[in-house]
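Visitor: Pasting data-v2.cif below, which is mmCIF, C-alpha atoms.
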data_target
#
loop_
_atom_site.label_atom_id
_atom_site.label_comp_id
_atom_site.auth_asym_id
_atom_site.auth_seq_id
_atom_site.Cartn_x
_atom_site.Cartn_y
_atom_site.Cartn_z
CA MET A 1 -22.19 -19.92 48.43
CA PRO A 2 -18.58 -18.75 48.64
CA GLN A 3 -19.55 -15.25 47.55
CA ILE A 4 -21.25 -14.76 50.91
CA GLU A 5 -19.33 -17.24 53.08
CA GLN A 6 -15.97 -15.78 52.09
CA LEU A 7 -17.16 -12.19 51.93
CA ALA A 8 -15.73 -11.07 55.24
CA ALA A 9 -12.39 -12.65 54.45
CA THR A 10 -12.06 -11.65 50.82
CA PHE A 11 -13.87 -8.35 50.33
CA SER A 12 -10.76 -6.25 50.94
CA SER A 13 -8.65 -8.29 48.57
CA GLN A 14 -11.42 -8.27 45.94
CA ILE A 15 -11.90 -4.52 46.17
CA PHE A 16 -8.17 -3.81 46.24
CA TRP A 17 -7.29 -5.90 43.19
CA MET A 18 -10.40 -4.78 41.36
CA LEU A 19 -9.35 -1.16 41.83
CA VAL A 20 -5.78 -1.99 40.81
CA PHE A 21 -6.66 -3.83 37.61
CA PHE A 22 -9.67 -1.80 36.62
CA GLY A 23 -7.68 1.32 37.40
CA PHE A 24 -4.89 0.09 35.15
CA THR A 25 -7.45 -0.72 32.45
CA PHE A 26 -9.03 2.72 32.75
CA PHE A 27 -5.89 4.83 32.91
CA VAL A 28 -3.64 2.91 30.52
CA ILE A 29 -6.12 1.45 28.06
CA GLY A 30 -9.16 3.72 28.40
CA ARG A 31 -7.38 7.03 28.83
CA GLY A 32 -4.13 6.18 27.07
CA MET A 33 -4.98 4.09 24.05
CA VAL A 34 -8.67 4.52 23.27
CA PRO A 35 -8.47 8.28 22.45
CA LYS A 36 -5.71 7.55 19.94
CA ILE A 37 -7.83 4.89 18.27
CA MET A 38 -10.84 7.22 18.20
CA ASP A 39 -8.59 9.93 16.81
CA THR A 40 -7.47 7.62 14.01
CA VAL A 41 -11.08 6.79 13.20
CA ALA A 42 -12.04 10.47 13.22
CA LYS A 43 -9.06 11.32 11.02
CA ARG A 44 -10.05 8.60 8.57
CA ASP A 45 -13.66 9.79 8.53
CA THR A 46 -12.50 13.35 7.86
CA GLN A 47 -10.24 12.19 5.08
CA ILE A 48 -13.02 10.14 3.48
CA ALA A 49 -15.39 13.11 3.70
CA ASP A 50 -12.72 15.39 2.20
CA ASP A 51 -12.00 12.94 -0.59
CA LEU A 52 -15.68 12.62 -1.40
CA LEU A 53 -15.99 16.40 -1.43
CA ALA A 54 -12.96 16.71 -3.73
CA ALA A 55 -14.38 14.04 -6.02
CA GLU A 56 -17.72 15.84 -6.10
CA ARG A 57 -15.95 19.10 -6.88
CA ALA A 58 -13.93 17.47 -9.64
CA ARG A 59 -17.07 15.97 -11.09
CA LYS A 60 -18.78 19.36 -11.10
CA GLN A 61 -15.75 20.93 -12.77
CA ALA A 62 -15.70 18.20 -15.39
CA ASP A 63 -19.39 18.80 -16.01
CA ALA A 64 -18.80 22.53 -16.36
CA GLU A 65 -15.88 21.94 -18.70
CA GLU A 66 -17.92 19.56 -20.80
CA GLU A 67 -20.69 22.13 -20.93
CA SER A 68 -18.32 24.87 -22.04
CA TRP A 69 -16.72 22.53 -24.54
CA ARG A 70 -20.17 21.72 -25.89
CA GLU A 71 -20.96 25.41 -26.19
CA ARG A 72 -17.65 26.08 -27.94
CA GLU A 73 -18.24 23.12 -30.19
CA ASN A 74 -21.73 24.29 -31.04
CA ALA A 75 -20.44 27.77 -31.76
CA ASN A 76 -17.70 26.33 -33.99
CA ARG A 77 -20.19 24.19 -35.82
CA ALA A 78 -22.49 27.15 -36.34
CA LYS A 79 -19.56 29.18 -37.59
CA ALA A 80 -18.57 26.41 -39.96
CA HIS A 81 -22.13 26.18 -41.21
CA ALA A 82 -22.19 29.92 -41.78
CA LEU A 83 -18.87 29.74 -43.64
CA ILE A 84 -20.15 26.94 -45.85
CA ALA A 85 -23.39 28.79 -46.56
CA GLU A 86 -21.49 31.94 -47.36
CA ALA A 87 -19.09 30.10 -49.62
CA ARG A 88 -22.00 28.43 -51.34
CA ALA A 89 -23.76 31.76 -51.83
CA THR A 90 -20.59 33.41 -53.13
CA ALA A 91 -19.97 30.55 -55.50
CA ALA A 92 -23.56 30.66 -56.70
CA THR A 93 -23.39 34.40 -57.32
CA GLU A 94 -20.09 34.07 -59.13
CA THR A 95 -21.39 31.25 -61.30
CA GLU A 96 -24.43 33.30 -62.10
CA GLN A 97 -22.35 36.29 -63.05
CA ARG A 98 -20.04 34.22 -65.17
CA LEU A 99 -22.98 32.55 -66.82
CA ALA A 100 -24.52 35.95 -67.48
CA ALA A 101 -21.25 37.23 -68.95
CA ALA A 102 -20.93 34.13 -71.08
CA GLN A 103 -24.50 34.56 -72.20
CA VAL A 104 -23.77 38.13 -73.27
CA THR A 105 -20.70 37.01 -75.25
CA ILE A 106 -22.64 34.15 -76.81
CA ASP A 107 -25.52 36.46 -77.66
CA GLY A 108 -23.09 38.87 -79.30
CA LYS A 109 -21.45 36.10 -81.25
CA ILE A 110 -24.84 34.74 -82.31
CA ALA A 111 -25.97 38.21 -83.42
CA GLU A 112 -22.69 38.71 -85.27
CA ALA A 113 -23.03 35.32 -86.90
CA GLU A 114 -26.62 36.01 -87.81
CA ALA A 115 -25.61 39.36 -89.25
CA GLY A 116 -22.84 37.60 -91.21
CA ILE A 117 -25.28 35.03 -92.46
CA ALA A 118 -27.76 37.73 -93.49
CA ALA A 119 -25.05 39.68 -95.28
CA ALA A 120 -23.82 36.55 -96.99
CA ARG A 121 -27.34 35.66 -97.96
CA LYS A 122 -27.92 39.16 -99.34
CA ALA A 123 -24.61 39.07 -101.20
CA ALA A 124 -25.46 35.64 -102.57
CA ALA A 125 -28.93 36.85 -103.62
CA ASP A 126 -27.42 39.90 -105.31
CA GLU A 127 -24.93 37.76 -107.11
CA ILE A 128 -27.64 35.33 -108.20
CA GLU A 129 -29.67 38.32 -109.38
CA THR A 130 -26.78 39.75 -111.28
CA VAL A 131 -25.91 36.39 -112.77
CA ALA A 132 -29.57 35.74 -113.57
CA ALA A 133 -30.01 39.19 -115.09
CA GLU A 134 -26.92 38.81 -117.23
CA ALA A 135 -27.97 35.33 -118.23
CA ALA A 136 -31.44 36.54 -119.00
CA ARG A 137 -30.06 39.49 -121.14
CA ASP A 138 -27.75 37.15 -122.94
CA ILE A 139 -30.55 34.68 -123.59
CA ILE A 140 -32.86 37.43 -124.79
CA GLY A 141 -30.08 38.89 -126.97
CA ARG A 142 -29.34 35.58 -128.51
CA VAL A 143 -32.81 34.27 -128.87
CA ALA A 144 -34.72 37.38 -129.68
CA GLY A 145 -31.91 39.54 -130.85
CA LEU A 146 -33.02 42.24 -128.65
CA SER A 147 -30.60 44.39 -126.75
CA LEU A 148 -32.40 45.31 -123.68
CA ASP A 149 -31.46 47.83 -121.05
CA GLU A 150 -29.68 46.25 -118.23
CA GLY A 151 -31.85 48.00 -115.61
CA GLN A 152 -35.10 46.68 -117.13
CA VAL A 153 -33.83 43.10 -117.18
CA ARG A 154 -32.63 43.31 -113.66
CA ALA A 155 -36.02 44.58 -112.42
CA ALA A 156 -37.82 41.80 -114.27
CA VAL A 157 -35.51 39.17 -112.88
CA LYS A 158 -35.89 40.58 -109.41
CA GLU A 159 -39.62 40.43 -109.80
CA ASN A 160 -39.49 36.81 -110.87
CA LEU A 161 -37.03 35.78 -108.20
CA VAL A 162 -39.12 37.35 -105.50
CA HIS A 163 -42.47 36.04 -106.73
CA GLY A 164 -41.32 32.94 -108.55
CA MET B 1 -16.63 -22.18 55.90
CA GLY B 2 -17.14 -20.46 59.20
CA GLN B 3 -13.49 -19.59 59.67
CA GLY B 4 -13.60 -16.28 57.82
CA GLY B 5 -13.84 -13.98 60.80
CA GLN B 6 -11.27 -15.66 63.00
CA GLU B 7 -8.10 -14.51 61.33
CA ARG B 8 -7.70 -11.93 58.57
CA ALA B 9 -4.38 -13.14 57.28
CA LEU B 10 -5.10 -16.78 56.46
CA PRO B 11 -8.84 -17.02 56.52
CA PHE B 12 -9.90 -19.08 53.55
CA THR B 13 -7.44 -21.81 52.82
CA GLY B 14 -8.39 -25.41 52.85
CA ASP B 15 -12.01 -24.73 52.04
CA ARG B 16 -11.94 -26.96 48.98
CA ASP B 17 -10.40 -29.94 50.77
CA ILE B 18 -12.93 -29.94 53.61
CA ARG B 19 -15.88 -29.75 51.28
CA VAL B 20 -14.67 -32.29 48.73
CA ALA B 21 -13.77 -34.72 51.47
CA ALA B 22 -17.08 -34.27 53.25
CA GLU B 23 -19.42 -34.57 50.30
CA ALA B 24 -17.33 -36.56 47.83
CA LYS B 25 -19.27 -35.30 44.86
CA VAL B 26 -19.37 -32.30 42.54
CA ASP B 27 -20.30 -29.15 44.39
CA PRO B 28 -21.61 -26.59 41.86
CA MET B 29 -20.70 -23.69 44.16
CA HIS B 30 -17.14 -24.81 44.71
CA GLN B 31 -15.99 -23.14 41.48
CA PHE B 32 -16.60 -19.74 43.06
CA THR B 33 -14.23 -20.36 45.96
CA ILE B 34 -11.55 -17.75 46.32
CA GLU B 35 -8.10 -19.00 47.23
CA PRO B 36 -4.93 -17.05 47.83
CA LEU B 37 -2.14 -17.86 45.37
CA PHE B 38 1.65 -17.90 45.63
CA GLY B 39 1.52 -17.86 49.43
CA SER B 40 0.08 -14.36 49.43
CA GLY B 41 -2.63 -15.20 51.97
CA HIS B 42 -1.06 -13.01 54.63
CA TRP B 43 -0.57 -9.89 52.50
CA SER B 44 -2.37 -6.97 54.04
CA ILE B 45 -2.60 -3.20 54.07
CA ALA B 46 -3.68 -1.46 57.28
CA GLY B 47 -5.03 -4.69 58.63
CA TYR B 48 -7.03 -5.49 55.52
CA ASN B 49 -6.19 -8.65 53.65
CA ILE B 50 -5.11 -8.09 50.06
CA ALA B 51 -4.12 -11.65 49.17
CA PHE B 52 -3.42 -12.16 45.48
CA THR B 53 -6.19 -14.67 44.88
CA ASN B 54 -7.33 -16.69 41.91
CA SER B 55 -9.91 -13.92 41.48
CA ALA B 56 -7.18 -11.28 41.32
CA LEU B 57 -5.22 -13.49 38.93
CA TRP B 58 -8.13 -13.56 36.50
CA MET B 59 -8.57 -9.82 36.84
CA ALA B 60 -4.91 -9.57 35.83
CA ILE B 61 -5.41 -12.00 32.96
CA ALA B 62 -8.43 -10.02 31.72
CA THR B 63 -6.44 -6.79 31.97
CA VAL B 64 -3.45 -8.21 30.10
CA ALA B 65 -5.63 -9.79 27.41
CA LEU B 66 -7.46 -6.51 26.97
CA LEU B 67 -4.17 -4.63 26.86
CA ILE B 68 -2.86 -6.96 24.14
CA PHE B 69 -6.11 -6.70 22.22
CA VAL B 70 -6.21 -2.90 22.28
CA ALA B 71 -2.46 -2.51 21.74
CA GLY B 72 -2.75 -4.72 18.65
CA GLY B 73 -5.32 -2.31 17.29
CA SER B 74 -3.35 0.84 18.02
CA LYS B 75 -1.28 0.85 14.84
CA ARG B 76 -3.14 3.98 13.73
CA GLN B 77 -3.15 2.98 10.08
CA LEU B 78 -5.29 4.95 7.71
CA VAL B 79 -6.42 1.73 6.09
CA PRO B 80 -6.99 -0.58 9.07
CA GLY B 81 -6.01 -4.23 9.21
CA ARG B 82 -8.30 -6.87 10.67
CA TRP B 83 -7.12 -6.43 14.24
CA GLN B 84 -7.31 -2.66 14.14
CA MET B 85 -10.73 -2.96 12.53
CA ALA B 86 -11.88 -5.19 15.41
CA VAL B 87 -10.68 -2.74 18.08
CA GLU B 88 -12.16 0.20 16.20
CA THR B 89 -15.46 -1.67 16.02
CA PHE B 90 -15.52 -1.80 19.82
CA THR B 91 -14.54 1.84 20.30
CA GLY B 92 -17.09 2.81 17.67
CA PHE B 93 -19.70 0.67 19.42
CA VAL B 94 -19.08 2.38 22.78
CA ASP B 95 -18.93 5.78 21.11
CA GLY B 96 -22.24 5.12 19.37
CA MET B 97 -23.84 3.88 22.59
CA LEU B 98 -22.83 7.07 24.41
CA ALA B 99 -23.90 9.26 21.50
CA ALA B 100 -27.32 7.57 21.43
CA ASN B 101 -27.90 7.64 25.19
CA VAL B 102 -26.11 10.75 26.41
CA GLY B 103 -25.68 12.82 23.27
CA PRO B 104 -22.69 14.99 22.37
CA ASN B 105 -21.82 15.43 26.06
CA GLY B 106 -21.20 11.70 26.30
CA LYS B 107 -17.99 11.76 24.27
CA LYS B 108 -15.83 12.33 27.37
CA TYR B 109 -17.07 9.11 28.98
CA VAL B 110 -15.84 6.89 26.14
CA PRO B 111 -12.63 5.87 28.02
CA TYR B 112 -14.59 4.88 31.12
CA ILE B 113 -17.44 3.06 29.37
CA PHE B 114 -14.98 1.36 27.02
CA SER B 115 -12.87 0.18 29.97
CA LEU B 116 -15.98 -0.97 31.81
CA PHE B 117 -17.52 -2.81 28.87
CA MET B 118 -14.32 -4.46 27.68
CA PHE B 119 -13.14 -5.38 31.18
CA ILE B 120 -16.44 -7.09 32.00
CA LEU B 121 -16.65 -8.68 28.57
CA PHE B 122 -13.14 -10.10 28.81
CA ALA B 123 -13.77 -11.27 32.38
CA ASN B 124 -16.99 -13.03 31.40
CA VAL B 125 -15.60 -14.67 28.28
CA LEU B 126 -12.28 -15.66 29.85
CA GLY B 127 -14.21 -17.26 32.72
CA LEU B 128 -15.97 -19.46 30.20
CA LEU B 129 -12.75 -20.75 28.62
CA PRO B 130 -12.76 -24.56 28.69
CA ILE B 131 -9.25 -24.71 30.14
CA GLY B 132 -10.49 -27.31 32.62
CA VAL B 133 -9.48 -29.91 30.03
CA LEU B 134 -5.88 -28.75 30.57
CA GLY B 135 -6.22 -29.18 34.33
CA LEU B 136 -6.49 -25.44 34.95
CA HIS B 137 -9.39 -23.65 36.60
CA ALA B 138 -10.96 -20.68 34.91
CA PHE B 139 -12.37 -18.24 37.43
CA THR B 140 -15.08 -15.72 36.62
CA PHE B 141 -14.53 -12.84 39.01
CA THR B 142 -17.70 -11.16 37.72
CA SER B 143 -19.61 -13.93 39.52
CA HIS B 144 -18.65 -12.24 42.81
CA PHE B 145 -20.67 -9.29 43.94
CA SER B 146 -17.64 -8.06 45.86
CA ALA B 147 -16.07 -7.48 42.43
CA THR B 148 -19.10 -6.34 40.44
CA GLY B 149 -20.10 -4.13 43.37
CA VAL B 150 -16.87 -2.15 42.99
CA LEU B 151 -17.70 -1.45 39.35
CA ALA B 152 -21.33 -0.65 40.18
CA ILE B 153 -20.44 1.74 42.99
CA MET B 154 -17.82 3.35 40.77
CA SER B 155 -20.40 3.99 38.04
CA PHE B 156 -22.91 5.24 40.59
CA ALA B 157 -20.32 7.52 42.18
CA ILE B 158 -19.47 9.01 38.80
CA VAL B 159 -23.16 9.67 38.17
CA LEU B 160 -23.50 11.37 41.57
CA ILE B 161 -20.35 13.45 41.14
CA VAL B 162 -21.18 14.54 37.60
CA GLY B 163 -24.79 15.26 38.55
CA PHE B 164 -24.00 17.41 41.55
CA VAL B 165 -21.03 19.18 39.98
CA LYS B 166 -22.95 19.98 36.84
CA HIS B 167 -26.39 20.80 38.26
CA LYS B 168 -25.65 21.52 41.94
CA LEU B 169 -28.84 21.02 43.96
CA HIS B 170 -30.87 21.09 40.77
CA PHE B 171 -29.87 17.47 40.45
CA PHE B 172 -32.67 16.65 42.88
CA SER B 173 -35.17 17.70 40.22
CA LEU B 174 -34.29 14.34 38.68
CA PHE B 175 -36.57 12.81 41.32
CA VAL B 176 -39.56 14.89 40.31
CA PRO B 177 -40.50 14.14 36.70
CA HIS B 178 -42.08 16.88 34.60
CA GLY B 179 -45.83 17.19 34.95
CA THR B 180 -46.05 15.73 38.46
CA PRO B 181 -49.17 17.09 40.23
CA ALA B 182 -48.28 19.30 43.22
CA ALA B 183 -49.87 16.89 45.71
CA MET B 184 -47.77 14.02 44.36
CA VAL B 185 -44.41 15.77 44.42
CA VAL B 186 -43.37 14.51 47.86
CA PRO B 187 -44.35 10.82 47.43
CA ILE B 188 -42.97 10.73 43.88
CA PHE B 189 -39.74 12.26 45.14
CA PHE B 190 -39.25 9.40 47.58
CA VAL B 191 -40.26 6.73 45.07
CA GLU B 192 -37.81 8.13 42.55
CA LEU B 193 -35.13 8.52 45.21
CA VAL B 194 -35.46 4.87 46.20
CA SER B 195 -35.37 3.74 42.57
CA PHE B 196 -32.28 5.90 42.11
CA LEU B 197 -30.54 4.51 45.19
CA VAL B 198 -31.29 0.94 44.12
CA ARG B 199 -29.34 1.44 40.91
CA PRO B 200 -25.87 0.44 42.18
CA PHE B 201 -27.30 -2.72 43.71
CA SER B 202 -29.28 -3.72 40.62
CA LEU B 203 -26.24 -2.92 38.47
CA GLY B 204 -23.83 -5.04 40.49
CA LEU B 205 -26.24 -7.85 41.40
CA ARG B 206 -27.52 -8.33 37.85
CA LEU B 207 -24.06 -9.12 36.52
CA PHE B 208 -23.09 -11.27 39.49
CA VAL B 209 -26.33 -13.30 39.40
CA ALA B 210 -26.28 -13.80 35.64
CA MET B 211 -22.71 -15.01 35.63
CA MET B 212 -23.11 -17.22 38.70
CA ALA B 213 -26.36 -18.78 37.46
CA GLY B 214 -24.82 -19.74 34.15
CA HIS B 215 -21.75 -21.29 35.73
CA VAL B 216 -23.83 -23.20 38.30
CA LEU B 217 -26.08 -24.50 35.55
CA LEU B 218 -23.10 -25.72 33.53
CA GLU B 219 -21.59 -27.32 36.63
CA VAL B 220 -24.86 -29.08 37.55
CA LEU B 221 -25.35 -30.37 34.04
CA SER B 222 -21.75 -31.58 33.85
CA SER B 223 -22.25 -33.39 37.19
CA PHE B 224 -25.25 -35.15 35.64
CA VAL B 225 -23.09 -36.24 32.72
CA ILE B 226 -20.27 -37.47 34.96
CA ASP B 227 -22.41 -39.14 37.64
CA SER B 228 -24.71 -40.87 35.16
CA GLY B 229 -21.67 -41.97 33.16
CA ASN B 230 -20.12 -43.44 36.28
CA ALA B 231 -23.36 -45.21 37.25
CA ASN B 232 -24.26 -47.22 34.17
CA ILE B 233 -24.64 -46.89 30.42
CA GLY B 234 -28.45 -46.90 30.54
CA LEU B 235 -28.61 -43.92 32.87
CA PHE B 236 -26.00 -42.17 30.77
CA ALA B 237 -28.16 -42.61 27.67
CA ILE B 238 -31.26 -41.29 29.45
CA ALA B 239 -29.79 -38.48 31.52
CA GLY B 240 -26.13 -37.96 30.66
CA LEU B 241 -26.34 -37.63 26.91
CA PRO B 242 -29.28 -35.19 26.84
CA SER B 243 -27.55 -33.16 29.55
CA PHE B 244 -24.41 -33.08 27.45
CA ILE B 245 -26.31 -31.89 24.40
CA LEU B 246 -28.07 -29.30 26.54
CA MET B 247 -24.70 -28.17 27.88
CA ILE B 248 -23.48 -27.43 24.39
CA GLY B 249 -26.49 -25.19 23.89
CA ILE B 250 -26.08 -23.59 27.31
CA CYS B 251 -22.41 -22.90 26.55
CA ALA B 252 -23.46 -20.96 23.46
CA LEU B 253 -26.10 -19.20 25.54
CA GLU B 254 -23.51 -18.36 28.19
CA LEU B 255 -21.27 -16.77 25.58
CA LEU B 256 -24.24 -14.67 24.57
CA VAL B 257 -24.98 -13.81 28.21
CA ALA B 258 -21.33 -12.86 28.71
CA GLY B 259 -21.67 -10.29 25.95
CA ILE B 260 -25.14 -9.16 26.90
CA GLN B 261 -24.31 -8.63 30.57
CA ALA B 262 -21.25 -6.56 29.68
CA TYR B 263 -23.44 -4.59 27.28
CA VAL B 264 -26.23 -4.14 29.84
CA PHE B 265 -23.77 -2.93 32.47
CA ALA B 266 -22.26 -0.41 30.07
CA LEU B 267 -25.63 0.60 28.65
CA LEU B 268 -27.22 1.21 32.06
CA THR B 269 -24.18 3.23 33.10
CA CYS B 270 -24.74 5.30 29.95
CA VAL B 271 -28.41 5.76 30.81
CA TYR B 272 -27.55 6.85 34.35
CA LEU B 273 -24.86 9.18 33.02
CA ASN B 274 -27.51 10.68 30.77
CA ASP B 275 -29.57 11.51 33.87
CA ALA B 276 -26.54 13.16 35.41
CA GLU B 277 -25.61 15.07 32.26
CA ASN B 278 -29.00 16.13 30.98
CA LEU B 279 -31.38 15.53 33.92
CA HIS B 280 -34.71 14.51 32.41
#
For the structure just supplied, provide its representation as structure tokens.

Guide:
Amino acid sequence: MPQIEQLAATFSSQIFWMLVFFGFTFFVIGRGMVPKIMDTVAKRDTQIADDLLAAERARKQADAEEESWRERENANRAKAHALIAEARATAATETEQRLAAAQVTIDGKIAEAEAGIAAARKAAADEIETVAAEAARDIIGRVAGLSLDEGQVRAAVKENLVHG
Amino acid sequence: MGQGGQERALPFTGDRDIRVAAEAKVDPMHQFTIEPLFGSGHWSIAGYNIAFTNSALWMAIATVALLIFVAGGSKRQLVPGRWQMAVETFTGFVDGMLAANVGPNGKKYVPYIFSLFMFILFANVLGLLPIGVLGLHAFTFTSHFSATGVLAIMSFAIVLIVGFVKHKLHFFSLFVPHGTPAAMVVPIFFVELVSFLVRPFSLGLRLFVAMMAGHVLLEVLSSFVIDSGNANIGLFAIAGLPSFILMIGICALELLVAGIQAYVFALLTCVYLNDAENLH
């Protein structure tokens, strides 16, 4: 095989050119270019990690803001509910008071009216009595020719009106 | 063939012609022949031949291809394109391998392991390119232990240097695992020492053998296809066609082996570096 047959003749050339080209590969490519590529990769990894961290932070902040918004919203809703309840209570009280006042007025008016009615009734009854007494005295005077005392007639009429 | 030692400057030309003329058939080992290119056969430093061979040419091609590949992925965009993504996958792969095998101390070896892994991977895959159909000859320099040995010794040397610099003579405690009975310390020490010293050989030979075996197998199978095709149609149907179908499968397997051997080389270097960094 040529590897062995040519060894004595070619080993120096093989070693020399191997060192030259592998040396070039190592110093120019390995030492010169590879660290830059690795650096780029590292930089990208760092940036990705940072971005993920920032995204995580933003998400947490959004969550916190949503939470605080929810709290604020709940507080506002509770406040609104309280306002409504208060307004309702106030309105109810007011209505009650107004109703009570109206009731008092109505009661007064009713009492007044009833008093008026009673007075009118009494006046009417008196008038009827008077008219009846006069009529009865006239009738007695004409029929029986008696001239009776007005007071007696009136008492008799009253008696009859009440019991008749 | 036999002329290697005679003259350092022009020792291995004409090898192909002698062999092809003599045997007049496909020689599966011929593909591994190293030939000087561009008349560089006489180049030398301090008496040592440094001819720019087909092997060196493919080392250069692998280096340039790797340079183009990595440069294309060095745009440093925050949102990577496909090319950058591909390069970053490889750097991430090497980084992960070192993190898993060496731990946080392994980060500083990323340039070396990346160079090692990608250089071997490109060499293996480029050597498999079917550019023979264009009349060119792909050469897999990782099928030469004189090439893989350089990488293996380099890895082993780094392990030794890191181990002794970091742990001084404590590094020898690597050869005595925890819980060794007192009577066994000396024999275990030598067993472990031998297994440690074998590492560069196993590292370099594994890659060389795997790559050579695959290429020989492909060459042998292709010679079956060609020879049976030249003989007659019946033989081609019995031997040539099945060999061709098998070759397609072996080609896929060889691509896998190309990746796996690069991975194994890099992974074992990581494991050895872990010994040097963290002892046991």

Visitor: To verify the selection step, state as a ChimeraX atom specification which residues the PyMOL selection byres ((chain A) within 12 of (chain B)) yields on this input.

Guide: /A:1-48

Visitor: One decimal, Å: what's the distance from CA of Ala125 in chain A over to CA of Glu150 in chain A, could you say?

Guide: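 Result for CA of Ala125 in chain A versus CA of Glu150 in chain A: 17.4 Å, one decimal.
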
Visitor: Record the distance separating CA of Arg206 in chain B and CA of Pro130 in chain B, expressed in Å with one decimal.

Guide: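 Interatomic distance here is 23.8 Å.
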
Visitor: Could you jot down the CA of Phe171 in chain B to CA of Ala276 in chain B separation for me, Å, one decimal place?

Guide: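 CA of Phe171 in chain B sits 7.4 Å away from CA of Ala276 in chain B.
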
Visitor: Restricting the calculation to all atoms listed in the file: of A:Ala120, A:Leu53, A:Ala115, A:Ala136, which residue gets closest to Gly151 in chain A?

Guide: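 Of all the options, A:Ala136 lies closest to Gly151 in chain A.
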
Visitor: Using only C-alpha atoms, determine which residues lie at most 7 Å from range 240-245 of chain B, disregarding the query and same-chain residues fewer than 2 positions distant; provide the list as a PDB file with C-alpha atoms, keeping the file's coordinate frame.

Guide:
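Below is the file result-v6.pdb, written as the result:
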ATOM      1  CA  LEU B 221     -25.350 -30.370  34.040  1.00  0.00           C
ATOM      2  CA  PHE B 224     -25.250 -35.150  35.640  1.00  0.00           C
ATOM      3  CA  VAL B 225     -23.090 -36.240  32.720  1.00  0.00           C
ATOM      4  CA  SER B 228     -24.710 -40.870  35.160  1.00  0.00           C
ATOM      5  CA  GLY B 229     -21.670 -41.970  33.160  1.00  0.00           C
ATOM      6  CA  LEU B 235     -28.610 -43.920  32.870  1.00  0.00           C
ATOM      7  CA  PHE B 236     -26.000 -42.170  30.770  1.00  0.00           C
ATOM      8  CA  ALA B 237     -28.160 -42.610  27.670  1.00  0.00           C
ATOM      9  CA  ILE B 238     -31.260 -41.290  29.450  1.00  0.00           C
ATOM     10  CA  MET B 247     -24.700 -28.170  27.880  1.00  0.00           C
ATOM     11  CA  ILE B 248     -23.480 -27.430  24.390  1.00  0.00           C
ATOM     12  CA  GLY B 249     -26.490 -25.190  23.890  1.00  0.00           C
TER      13      GLY B 249
END

Visitor: Out of A:Asp51, A:Glu71, A:Glu129, A:Glu134, which residue has the shortest atom-to-atom distance to Glu159 in chain A when counting only C-alpha atoms?

Guide: A:Glu129

Visitor: Quick one: everything within 10 Å of Met97 in chain B, counting only C-alpha atoms, minus sequence neighbours fewer than 3 positions away in the same chain. Send it as a list in words.

Guide: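 Listed by chain and then number, they are Thr91, Gly92, Phe93, Val94, Ala100, Asn101, Val102, Gly103, Gly106, Lys107, Val110, Ile113, Tyr263, Ala266, Leu267, Cys270 and Val271 of chain B.
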
Visitor: In terms of the shortest atom-to-atom distance over only C-alpha atoms, which of B:Asn54, B:Leu121, B:Ala262, B:Leu217 is closest to Leu136 in chain B?

Guide: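 Checking each of B:Asn54, B:Leu121, B:Ala262, B:Leu217 against Leu136 in chain B, counting only C-alpha atoms, the winner is B:Asn54.
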